[in-house]
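A.B. asks: The structure that follows is given in the form of structure tokens.
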Amino acid sequence: MIHTNITQEVNNDIYKQSMRQWNPPHPRSNHDRNANDRINSLMIAYHLLCDAVGQANDFYSDLLLGSIFHSFLRVTSCLYFLFIHLVVKDIVGIIAPFILALSSTCYLCMIVSLSCDVTRAARDTTIVISKLITNPNLKPGLRKQLYSFFLQLSKKHLEFSAGGFFNVNRQMLTSMAATVATNLVILIQFQTQPNDHK
């Protein structure tokens with residue numbers, strides 16, 4: 001929302017500047033200062049939001065790690081019990097592990113999706129600001145202000161972390177799926193080994 005408002009302010013300023021070229025009125029330095037102040041206040045709001053996200057990440061990172069680890073164990077164990085009930089052909093026993101595994105998977109996907117949305121929005125702001133800087137109709141003072149903001153954005157990396165052990169993103173989800181599959185294969189091999197010796 002903030003980068004949309006910054007884009008609107010810059011586009012309004014460019015439009016008003018082009019209108020002044022066609023109909024030159026008396027100088028409006030006060031209007032230019034107001035536009036710069038509005039853009040500056042949006043930039044400050046963006047930095048405050050980034051700081052709030054960083055503090056939320058610091059506060060909830062251990063809880064996030066615990067939730068992800070719990071969901072990982074639940075999915076692994078439910079899929080293992082699902083396999084056991086399939087082998088025994090217990091149709092009623094299949095339902096509970098399947099529902100628990102599905103709900104835990106949906107929970108993990110929701111956590112990852114929301115975290116990725118925040119990261120993507122931060123990257124989109126950087127892309128939007130870089131496009132605005134390259135606009136040839138931009139006033140030098142406004143370009144300098146946006147360039148300074150762009151440099152500040154390039155130093156900020158908004159990505160949620162689970163207790164500092166790993167970042168919460170889509171790659172984490174695929175790694176977790178591979179780990180669950182590996183653990184299931186190992187558990188199933190332990191399950192079938194005693195039957196082979198008999």
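Starting from 1 in every chain, residues are counted up; chains themselves are A, B, ... following the order of the structure tokens, and ligands are numbered from 1 as listed.
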Please provide the set of residues having any atom within 6 Å of stretch 71-84 of chain A, restricted to only C-alpha atoms, with same-chain residues fewer than 5 positions apart removed, written as a PyMOL selection string.

C.D. replies: chain A and resi 94+97+101+104+180

A.B. asks: So which bits of stretch 115-191 of chain A end up strand (DSSP E) when you DSSP the backbone, as a ChimeraX atom specification?

C.D. replies: /A:161-162,166-167

A.B. asks: Using the selection just defined, write its residues with N, CA, C and O atoms as a CSV table (one decimal), in the first residue's frame.

C.D. replies:
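Saved file selection_27.csv follows:
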```csv
chain,number,residue,atom,x,y,z
A,161,SER,N,12.3,-15.6,10.2
A,161,SER,CA,13.2,-16.7,10.7
A,161,SER,C,12.6,-17.5,11.8
A,161,SER,O,11.9,-17.0,12.6
A,162,ALA,N,12.8,-18.8,11.7
A,162,ALA,CA,12.3,-19.7,12.8
A,162,ALA,C,13.4,-19.9,13.8
A,162,ALA,O,14.2,-20.8,13.6
A,166,PHE,N,16.5,-21.3,10.4
A,166,PHE,CA,16.2,-21.3,9.0
A,166,PHE,C,15.2,-20.2,8.7
A,166,PHE,O,14.4,-19.8,9.6
A,167,ASN,N,15.2,-19.7,7.5
A,167,ASN,CA,14.2,-18.7,7.0
A,167,ASN,C,12.9,-19.4,6.6
A,167,ASN,O,12.9,-20.5,6.0
```

A.B. asks: Stretch 45-53 of chain A: which residues within 10 Å, counting only C-alpha atoms, same-chain residues fewer than 5 positions away excluded, as JSON, numbers by chain?

C.D. replies: {"A": [1, 2, 3, 39, 40, 58, 59, 118, 122, 125, 149, 152, 153, 156, 157, 158, 159, 160]}

A.B. asks: Mind giving me the straight-line distance from atom CA of A:Gln55 to atom CA of A:Ser154 in Å, one decimal?

C.D. replies: 19.0 Å

A.B. asks: Take atom CA of A:Ile91 and atom CA of A:Phe69 and report the distance between them in Å, one decimal.

C.D. replies: 28.6 Å

A.B. asks: Taking only C-alpha atoms into account, which of A:Leu108, A:Leu151, A:Gln145, A:Leu86 comes nearest A:Thr174?

C.D. replies: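 Of the candidates, the smallest distance to A:Thr174 is held by A:Leu108.
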
A.B. asks: Give the answer as one residue: which of A:Lys155, A:Met172, A:Ile44, A:Asp37 has the shortest atom-to-atom distance to A:Ser113, using only C-alpha atoms?

C.D. replies: A:Met172

A.B. asks: Please, what distance in Å, to one decimal, runs between atom CA of A:Ala178 and atom CA of A:Thr105?

C.D. replies: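 Going from atom CA of A:Ala178 over to atom CA of A:Thr105 covers 13.4 Å.
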